[in-house]
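Colleague: For reference, the file start-v7.txt (compact mmCIF, C-alpha atoms and all ligand atoms) is included below:
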# COMPACT_ATOMS: atom_id res chain seq x y z
CA MET A 1 -16.91 13.76 -28.19
CA LYS A 2 -18.05 16.71 -30.25
CA ARG A 3 -15.50 19.26 -29.14
CA ILE A 4 -12.03 18.86 -27.70
CA GLY A 5 -9.27 21.31 -26.81
CA VAL A 6 -5.58 21.31 -27.57
CA ILE A 7 -3.06 23.31 -25.57
CA THR A 8 0.71 23.78 -25.73
CA SER A 9 2.41 24.81 -22.53
CA GLY A 10 5.87 25.15 -21.02
CA GLY A 11 8.98 25.84 -23.09
CA ASP A 12 8.39 25.44 -26.81
CA ALA A 13 10.14 22.59 -28.58
CA PRO A 14 10.65 21.75 -32.25
CA GLY A 15 7.85 19.44 -33.37
CA THR A 16 5.12 21.09 -31.30
CA ASN A 17 3.37 22.37 -34.40
CA ALA A 18 3.44 18.87 -35.86
CA CYS A 19 1.55 17.74 -32.73
CA VAL A 20 -1.09 20.47 -33.05
CA ARG A 21 -1.52 19.75 -36.76
CA THR A 22 -2.04 16.04 -36.10
CA VAL A 23 -4.71 16.61 -33.45
CA ALA A 24 -6.50 19.15 -35.65
CA ARG A 25 -6.43 16.95 -38.73
CA ARG A 26 -7.71 13.94 -36.82
CA GLY A 27 -10.53 16.20 -35.62
CA PHE A 28 -11.39 17.34 -39.16
CA ALA A 29 -11.51 13.73 -40.33
CA ALA A 30 -13.65 12.55 -37.42
CA GLY A 31 -16.05 15.51 -37.37
CA VAL A 32 -14.80 16.58 -33.94
CA GLU A 33 -14.30 20.31 -33.36
CA VAL A 34 -10.79 21.03 -32.15
CA MET A 35 -10.51 24.20 -30.11
CA GLY A 36 -7.07 25.78 -29.98
CA ILE A 37 -6.30 27.17 -26.54
CA PHE A 38 -3.85 30.03 -27.04
CA ASP A 39 -1.18 31.29 -24.62
CA SER A 40 -1.43 28.20 -22.44
CA TRP A 41 -3.50 28.02 -19.24
CA ASP A 42 -3.50 31.75 -18.63
CA GLY A 43 -4.89 32.20 -22.14
CA LEU A 44 -7.69 29.77 -21.31
CA LEU A 45 -8.76 32.00 -18.44
CA LYS A 46 -8.75 34.97 -20.80
CA ASP A 47 -10.93 33.11 -23.33
CA GLU A 48 -8.12 32.91 -25.86
CA VAL A 49 -9.90 29.93 -27.35
CA ARG A 50 -11.11 29.35 -30.89
CA LYS A 51 -11.89 26.59 -33.31
CA LEU A 52 -8.94 25.50 -35.44
CA GLU A 53 -9.57 25.55 -39.18
CA ARG A 54 -7.71 23.75 -41.92
CA HIS A 55 -5.76 26.84 -42.91
CA ASP A 56 -4.48 27.23 -39.33
CA VAL A 57 -2.53 24.01 -39.53
CA ALA A 58 -1.53 24.12 -43.19
CA GLY A 59 2.21 24.25 -43.83
CA ILE A 60 3.29 24.10 -40.20
CA VAL A 61 4.77 20.60 -39.82
CA GLN A 62 8.25 21.95 -40.54
CA ARG A 63 7.97 25.06 -38.38
CA ALA A 64 9.46 25.41 -34.90
CA GLY A 65 7.53 27.31 -32.22
CA THR A 66 3.81 26.76 -31.73
CA ILE A 67 0.91 28.41 -33.55
CA LEU A 68 -0.98 28.23 -30.23
CA ARG A 69 1.83 30.11 -28.51
CA SER A 70 3.04 28.90 -25.12
CA ALA A 71 3.76 30.12 -21.62
CA ARG A 72 4.74 28.96 -18.19
CA SER A 73 1.84 29.21 -15.79
CA ASN A 74 1.45 28.73 -12.07
CA LEU A 75 -2.32 28.27 -12.31
CA PHE A 76 -2.19 24.73 -10.96
CA LEU A 77 0.28 25.48 -8.21
CA LYS A 78 -2.36 27.09 -6.05
CA ASP A 79 -3.21 24.16 -3.80
CA GLY A 80 -3.17 21.84 -6.77
CA ASP A 81 -6.61 23.16 -7.64
CA ALA A 82 -7.89 22.43 -11.15
CA SER A 83 -11.37 23.88 -10.65
CA VAL A 84 -10.64 27.25 -12.27
CA ALA A 85 -9.27 25.59 -15.39
CA ILE A 86 -12.15 23.11 -15.52
CA ALA A 87 -14.72 25.91 -15.24
CA ALA A 88 -13.06 27.68 -18.17
CA LEU A 89 -12.98 24.50 -20.25
CA ASN A 90 -16.66 23.86 -19.48
CA LYS A 91 -17.51 27.41 -20.44
CA HIS A 92 -16.19 26.66 -23.92
CA GLN A 93 -18.01 23.31 -23.98
CA ILE A 94 -14.72 21.50 -24.33
CA GLU A 95 -15.25 17.86 -23.39
CA GLY A 96 -11.65 16.75 -23.24
CA VAL A 97 -8.19 18.23 -23.74
CA ILE A 98 -4.88 17.16 -25.22
CA VAL A 99 -1.97 18.72 -23.33
CA ILE A 100 1.25 19.01 -25.30
CA GLY A 101 4.03 19.77 -22.88
CA GLY A 102 6.84 18.79 -20.56
CA ASN A 103 7.10 18.16 -16.85
CA GLY A 104 5.04 21.03 -15.48
CA SER A 105 2.39 20.59 -18.15
CA GLN A 106 1.94 16.86 -17.56
CA THR A 107 1.75 17.47 -13.82
CA ALA A 108 -1.04 19.97 -14.49
CA ALA A 109 -2.67 17.46 -16.85
CA ASN A 110 -2.60 14.87 -14.08
CA LEU A 111 -4.35 17.28 -11.72
CA LEU A 112 -7.06 17.92 -14.30
CA ALA A 113 -7.54 14.20 -14.85
CA LYS A 114 -7.68 13.50 -11.11
CA SER A 115 -10.37 16.19 -10.83
CA GLY A 116 -12.46 14.28 -13.34
CA PHE A 117 -11.77 16.22 -16.54
CA PRO A 118 -10.84 14.02 -19.54
CA VAL A 119 -7.22 14.70 -20.49
CA ILE A 120 -4.47 13.03 -22.48
CA GLY A 121 -0.84 14.19 -22.53
CA VAL A 122 1.70 14.33 -25.34
CA PRO A 123 5.34 14.50 -24.16
CA LYS A 124 7.08 17.54 -25.59
CA THR A 125 10.31 18.94 -24.16
CA ILE A 126 13.83 19.38 -25.49
CA ASP A 127 15.06 18.28 -22.04
CA ASN A 128 13.85 14.68 -22.60
CA ASP A 129 13.37 14.44 -18.86
CA LEU A 130 9.79 13.10 -18.80
CA VAL A 131 9.56 9.66 -17.27
CA GLY A 132 7.37 7.06 -18.96
CA THR A 133 8.57 7.77 -22.49
CA ASP A 134 11.85 6.87 -24.15
CA PHE A 135 11.96 10.20 -25.97
CA SER A 136 10.00 13.45 -26.01
CA VAL A 137 9.18 15.63 -28.99
CA GLY A 138 11.88 18.25 -29.57
CA PHE A 139 14.80 16.42 -28.03
CA PHE A 140 16.27 15.10 -31.27
CA THR A 141 16.34 18.56 -32.84
CA ALA A 142 17.91 20.15 -29.78
CA ALA A 143 20.58 17.45 -29.70
CA GLU A 144 21.22 18.01 -33.41
CA VAL A 145 21.76 21.73 -32.81
CA ALA A 146 24.25 20.92 -30.04
CA THR A 147 26.08 18.33 -32.15
CA GLN A 148 26.43 20.76 -35.03
CA ALA A 149 27.76 23.38 -32.62
CA LEU A 150 30.44 20.96 -31.43
CA ASP A 151 31.36 20.07 -35.00
CA ASN A 152 31.65 23.71 -36.02
CA LEU A 153 33.43 24.98 -32.93
CA ARG A 154 36.16 22.36 -33.32
CA ALA A 155 37.67 24.43 -36.16
CA THR A 156 38.00 27.65 -34.19
CA ALA A 157 39.10 25.78 -31.04
CA GLU A 158 41.94 24.21 -33.02
CA ALA A 159 42.82 27.45 -34.84
CA HIS A 160 43.21 29.36 -31.59
CA SER A 161 44.44 26.54 -29.34
CA ARG A 162 41.49 27.00 -27.01
CA VAL A 163 39.32 25.06 -24.65
CA MET A 164 35.92 25.50 -26.24
CA ILE A 165 32.97 25.00 -23.91
CA VAL A 166 29.43 24.50 -25.14
CA GLU A 167 26.59 24.98 -22.66
CA THR A 168 23.34 23.16 -23.38
CA MET A 169 19.88 23.41 -21.84
CA GLY A 170 18.17 20.54 -20.02
CA ARG A 171 17.41 21.79 -16.51
CA ASP A 172 18.19 19.02 -14.00
CA SER A 173 19.04 16.40 -16.59
CA GLY A 174 21.89 16.17 -19.05
CA TRP A 175 20.30 14.34 -21.98
CA ILE A 176 21.14 16.93 -24.64
CA ALA A 177 24.75 17.22 -23.45
CA VAL A 178 25.28 13.46 -23.38
CA GLU A 179 23.66 12.82 -26.76
CA ALA A 180 25.61 15.61 -28.46
CA GLY A 181 28.75 14.76 -26.50
CA ILE A 182 28.72 11.23 -27.92
CA ALA A 183 27.83 12.35 -31.45
CA GLY A 184 30.27 15.25 -31.51
CA GLY A 185 33.14 13.54 -29.73
CA ALA A 186 33.39 16.00 -26.83
CA ASP A 187 36.49 15.54 -24.69
CA LEU A 188 34.54 16.20 -21.50
CA VAL A 189 30.82 15.81 -20.87
CA LEU A 190 29.54 17.44 -17.68
CA ILE A 191 25.96 16.80 -16.54
CA PRO A 192 23.98 17.24 -13.30
CA GLU A 193 23.68 13.48 -12.80
CA HIS A 194 27.44 12.91 -12.48
CA GLU A 195 29.66 14.38 -9.83
CA PHE A 196 32.84 16.19 -10.81
CA THR A 197 35.27 18.59 -9.24
CA LEU A 198 37.06 21.50 -10.86
CA ASP A 199 40.34 19.73 -10.08
CA SER A 200 39.25 16.57 -11.90
CA ILE A 201 38.29 18.61 -14.96
CA CYS A 202 41.59 20.48 -14.91
CA ASP A 203 43.55 17.22 -14.50
CA ARG A 204 41.89 15.73 -17.55
CA LEU A 205 42.45 18.82 -19.66
CA HIS A 206 46.05 19.07 -18.47
CA THR A 207 46.72 15.45 -19.44
CA ARG A 208 45.17 15.95 -22.84
CA HIS A 209 47.19 19.09 -23.58
CA GLU A 210 50.53 18.31 -21.89
CA VAL A 211 50.77 14.50 -22.20
CA HIS A 212 48.75 13.82 -25.34
CA LYS A 213 49.96 17.06 -26.90
CA ARG A 214 46.58 18.24 -28.15
CA ASN A 215 46.31 22.00 -28.63
CA TYR A 216 42.56 22.27 -28.02
CA SER A 217 39.68 20.64 -26.17
CA ILE A 218 35.93 20.50 -26.58
CA VAL A 219 33.83 20.47 -23.41
CA ILE A 220 30.05 20.19 -23.27
CA ILE A 221 28.27 21.13 -20.07
CA ALA A 222 24.57 20.93 -19.26
CA GLU A 223 23.12 24.10 -17.74
CA GLY A 224 22.22 22.31 -14.50
CA ALA A 225 25.66 20.76 -13.91
CA MET A 226 27.50 21.78 -10.77
CA ASP A 227 30.87 20.79 -9.32
CA VAL A 228 31.00 19.04 -5.95
CA GLN A 229 32.37 22.13 -4.19
CA LYS A 230 29.60 24.26 -5.77
CA LYS A 231 31.99 26.83 -7.17
CA LEU A 232 30.00 26.64 -10.36
CA ASP A 233 26.50 27.23 -9.10
CA PRO A 234 23.95 27.57 -11.90
CA ARG A 235 21.11 28.09 -9.44
CA ARG A 236 22.10 31.41 -8.01
CA GLY A 237 20.17 33.61 -10.47
CA THR A 238 16.56 34.69 -10.81
CA LYS A 239 13.49 32.44 -10.54
CA ASP A 240 10.68 31.63 -12.98
CA VAL A 241 6.89 31.87 -12.35
CA ASN A 242 6.95 28.51 -10.61
CA ALA A 243 9.76 29.66 -8.30
CA ARG A 244 12.26 27.40 -10.05
CA PRO A 245 15.73 28.88 -10.53
CA ARG A 246 16.40 30.09 -14.06
CA LEU A 247 19.50 28.31 -15.25
CA GLY A 248 22.22 29.49 -17.61
CA GLY A 249 25.77 30.71 -17.20
CA VAL A 250 27.61 27.71 -15.81
CA GLY A 251 29.71 27.34 -18.98
CA THR A 252 31.06 30.87 -18.67
CA MET A 253 31.90 30.26 -15.02
CA LEU A 254 33.75 27.11 -16.04
CA ALA A 255 35.74 28.95 -18.73
CA LEU A 256 36.93 31.49 -16.15
CA GLU A 257 37.98 28.74 -13.73
CA ILE A 258 39.91 26.88 -16.43
CA GLU A 259 41.75 30.06 -17.45
CA ARG A 260 42.52 30.82 -13.82
CA LYS A 261 43.67 27.32 -12.85
CA LEU A 262 45.41 26.15 -16.03
CA GLY A 263 46.19 29.34 -17.91
CA TYR A 264 44.64 27.90 -21.07
CA ASN A 265 42.51 30.11 -23.28
CA ALA A 266 38.92 29.10 -22.66
CA ARG A 267 35.69 30.35 -24.21
CA CYS A 268 32.06 29.43 -23.77
CA THR A 269 29.25 29.31 -26.31
CA THR A 270 25.82 29.11 -24.70
CA LEU A 271 23.38 27.54 -27.13
CA GLY A 272 20.32 28.71 -25.19
CA TYR A 273 17.12 29.13 -27.13
CA LEU A 274 18.74 28.14 -30.42
CA GLN A 275 18.06 24.59 -29.22
CA ARG A 276 14.35 25.32 -29.10
CA CYS A 277 13.84 27.20 -32.35
CA ALA A 278 15.49 25.10 -35.06
CA ALA A 279 13.25 23.46 -37.67
CA PRO A 280 12.29 20.03 -36.29
CA VAL A 281 14.36 17.14 -37.64
CA THR A 282 12.57 14.23 -39.30
CA THR A 283 12.57 12.09 -36.15
CA ASP A 284 10.83 14.79 -34.13
CA ARG A 285 8.19 15.41 -36.81
CA VAL A 286 7.37 11.72 -37.07
CA LEU A 287 7.42 11.18 -33.32
CA ALA A 288 5.13 14.21 -32.84
CA THR A 289 2.70 12.84 -35.41
CA ARG A 290 2.66 9.31 -33.98
CA LEU A 291 2.23 10.41 -30.36
CA SER A 292 -0.50 12.96 -31.14
CA ASP A 293 -2.37 10.57 -33.41
CA TYR A 294 -2.40 8.05 -30.57
CA ALA A 295 -3.41 10.72 -28.05
CA PHE A 296 -6.41 11.61 -30.21
CA ASP A 297 -7.46 7.95 -30.32
CA LEU A 298 -7.19 7.69 -26.54
CA LEU A 299 -9.26 10.80 -25.89
CA ALA A 300 -11.87 10.00 -28.55
CA GLY A 301 -12.05 6.46 -27.16
CA GLY A 302 -13.09 7.80 -23.77
CA LYS A 303 -9.74 7.36 -22.02
CA SER A 304 -8.28 9.91 -19.60
CA GLY A 305 -5.33 10.40 -17.24
CA LEU A 306 -2.86 8.95 -19.72
CA MET A 307 0.14 10.19 -21.69
CA ALA A 308 1.02 8.85 -25.13
CA SER A 309 4.57 7.54 -24.92
CA LEU A 310 7.32 5.96 -26.96
CA ALA A 311 8.46 2.55 -25.73
CA GLY A 312 11.12 1.17 -28.03
CA ARG A 313 9.54 1.44 -31.47
CA ASP A 314 5.99 1.36 -30.15
CA ILE A 315 3.58 4.03 -29.04
CA GLU A 316 1.66 3.16 -25.91
CA ALA A 317 -0.11 4.83 -22.99
CA VAL A 318 1.27 5.47 -19.52
CA PRO A 319 -0.71 6.81 -16.53
CA LEU A 320 -0.05 10.51 -15.96
CA GLU A 321 0.16 9.64 -12.30
CA GLN A 322 3.45 7.85 -13.04
CA VAL A 323 4.79 10.84 -14.96
CA ALA A 324 3.74 13.81 -12.84
CA GLY A 325 6.38 15.54 -10.78
CA LYS A 326 9.20 13.17 -11.73
CA THR A 327 12.42 13.72 -13.64
CA LYS A 328 13.99 11.16 -15.95
CA LEU A 329 17.73 11.30 -15.40
CA VAL A 330 20.55 10.16 -17.67
CA THR A 331 21.38 6.54 -16.94
CA ASP A 332 24.89 5.39 -16.02
CA ASP A 333 25.31 3.15 -19.06
CA TYR A 334 24.46 6.00 -21.38
CA PHE A 335 26.82 8.38 -19.63
CA ARG A 336 29.56 5.75 -19.82
CA LEU A 337 29.40 5.97 -23.61
CA ALA A 338 30.02 9.69 -23.43
CA GLU A 339 32.98 9.11 -21.12
CA ILE A 340 34.57 6.52 -23.41
CA PHE A 341 33.66 7.77 -26.86
CA GLY A 342 33.27 11.46 -26.25
O1 LIG A 401 12.35 23.03 -20.21
C1 LIG A 401 12.87 23.52 -21.40
C2 LIG A 401 13.86 24.60 -21.13
O2 LIG A 401 14.32 25.05 -22.38
C3 LIG A 401 15.00 24.24 -20.20
O3 LIG A 401 15.98 23.49 -20.84
C4 LIG A 401 15.45 25.61 -19.75
O4 LIG A 401 16.10 25.59 -18.50
C5 LIG A 401 14.15 26.33 -19.64
O5 LIG A 401 13.25 25.71 -20.51
C6 LIG A 401 14.20 27.79 -19.97
O6 LIG A 401 12.96 28.34 -19.66
P1 LIG A 401 12.40 29.73 -20.12
O7 LIG A 401 11.88 29.58 -21.52
O8 LIG A 401 11.29 30.00 -19.18
O9 LIG A 401 13.51 30.72 -20.05
Represent the structure contained in this file as structure tokens.
Ligand code: F6P

Modeller:
Amino acid sequence: MKRIGVITSGGDAPGTNACVRTVARRGFAAGVEVMGIFDSWDGLLKDEVRKLERHDVAGIVQRAGTILRSARSNLFLKDGDASVAIAALNKHQIEGVIVIGGNGSQTAANLLAKSGFPVIGVPKTIDNDLVGTDFSVGFFTAAEVATQALDNLRATAEAHSRVMIVETMGRDSGWIAVEAGIAGGADLVLIPEHEFTLDSICDRLHTRHEVHKRNYSIVIIAEGAMDVQKKLDPRRGTKDVNARPRLGGVGTMLALEIERKLGYNARCTTLGYLQRCAAPVTTDRVLATRLSDYAFDLLAGGKSGLMASLAGRDIEAVPLEQVAGKTKLVTDDYFRLAEIFG
């Protein structure tokens, strides 16, 4: 291949720049032109495409965000049609593309591949909900932000005898909450994958405060978590461009319920986009580099329809077909750790 494209789409995640840098530098070394596609798929249609130069990717491995910028796009929703995108890629004489993104992006990548356009995916999402890979780029940094929040909030929770709730991102999976809950010793970990009722939460807090005589509690709740009775309903707000509900706010709802039912002082800290914009931790930078390096090899070697993935300590390829449209949920054994050691 003489010219390939690289695109970042969906929510940004720490380590994305490390991915772009790796693809570009492999291109420089191999004499392959790497075209940066800016502003995701919509940018492609607006010809926001240009060759990446060495200076573009210098000094970015440690930076959050993405130099290519990102966006959510519904381009591929329209009847699952990839022809518009393929026409735009052909117009720029791009022979293959590396798609750095999460669920929606890899689903789009799969459509492109099925339509005959060479494409390789790199898993990038703080949610860590892509199937086919043990971990995705950005997750470790997001979990670190959440763990540090738990560590720091413990002081003020104790000082004011409060129930301190931390709300994490993650959409329909609770990976960030579980990881940070284990690392930060949260007293309660609430995620979409595990049922709970408001009464069961209040019982556990009551026991901790009245029987075990603790004056504060730390609760971590994933943004997509909902009680069985649906009193806390994170999906009642506005929708994004793909008609998915925008999440956020469940922690505040929970704080109000705890105050109402138990009379304890409760406060919520929503971590929100702070989880996406921290400087990538070492693990994310290295993972980004390994996955993108492998993705380049796959594309340059004439492969398509695959996503570079982490399996144990190894990088391998999984068919995008197995990844597209699926959500990797927190497993029971992992959640059990949060229950026991949180
Ligand atoms: O998928 C990553 C993510 O950060 C989710 O955890 C969150 O629900 C969503 O993106 C927020 O999306 P947006 O950037 O469109 O507000």

Colleague: Could you check which residues have any atom within 12 Å of (21.6, 29.0, -26.8), counting only C-alpha atoms with coordinates taken straight from the file, and then list them as a count of residues only?

Modeller: 27

Colleague: Padding 4 Å on every side, please: axis-aligned box over the listed atoms of stretch 235-247 of chain A, centre and edge lengths to one decimal in Å, as lines of an AutoDock Vina configuration file.

Modeller:
center_x = 14.5
center_y = 31.0
center_z = -11.6
size_x = 23.2
size_y = 15.3
size_z = 15.2

Colleague: Can you tell me which residues sit at most 10 Å away from ligand LIG 401 (chain A), counting only C-alpha atoms and all ligand atoms, written as an MDAnalysis selection string?

Modeller: chainID A and resid 10:13 70:72 101:104 124:129 138:139 142 168:174 176 222:224 239:242 244:248 272:276

Colleague: Fewer than 4 positions away in the same chain doesn't count, so skip those; otherwise give me all residues within 9 Å of A:Gly5, counting all atoms listed in the file, as a tab-separated table (two decimals) with C-alpha atoms, in the frame of the given file.

Modeller:
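Listed below is the output, result.tsv:
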chain	number	residue	atom	x	y	z
A	33	GLU	CA	-14.30	20.31	-33.36
A	34	VAL	CA	-10.79	21.03	-32.15
A	35	MET	CA	-10.51	24.20	-30.11
A	36	GLY	CA	-7.07	25.78	-29.98
A	37	ILE	CA	-6.30	27.17	-26.54
A	49	VAL	CA	-9.90	29.93	-27.35
A	51	LYS	CA	-11.89	26.59	-33.31
A	89	LEU	CA	-12.98	24.50	-20.25
A	94	ILE	CA	-14.72	21.50	-24.33
A	95	GLU	CA	-15.25	17.86	-23.39
A	96	GLY	CA	-11.65	16.75	-23.24
A	97	VAL	CA	-8.19	18.23	-23.74
A	98	ILE	CA	-4.88	17.16	-25.22
A	99	VAL	CA	-1.97	18.72	-23.33

Colleague: So that I can check the surroundings of A:Ala288, please list as JSON, numbers by chain every protein, DNA and RNA residue that reaches within 8 Å of it, counting only C-alpha atoms and ignoring chain neighbours fewer than 4 positions away.

Modeller: {"A": [15, 16, 18, 19, 137, 284, 292]}
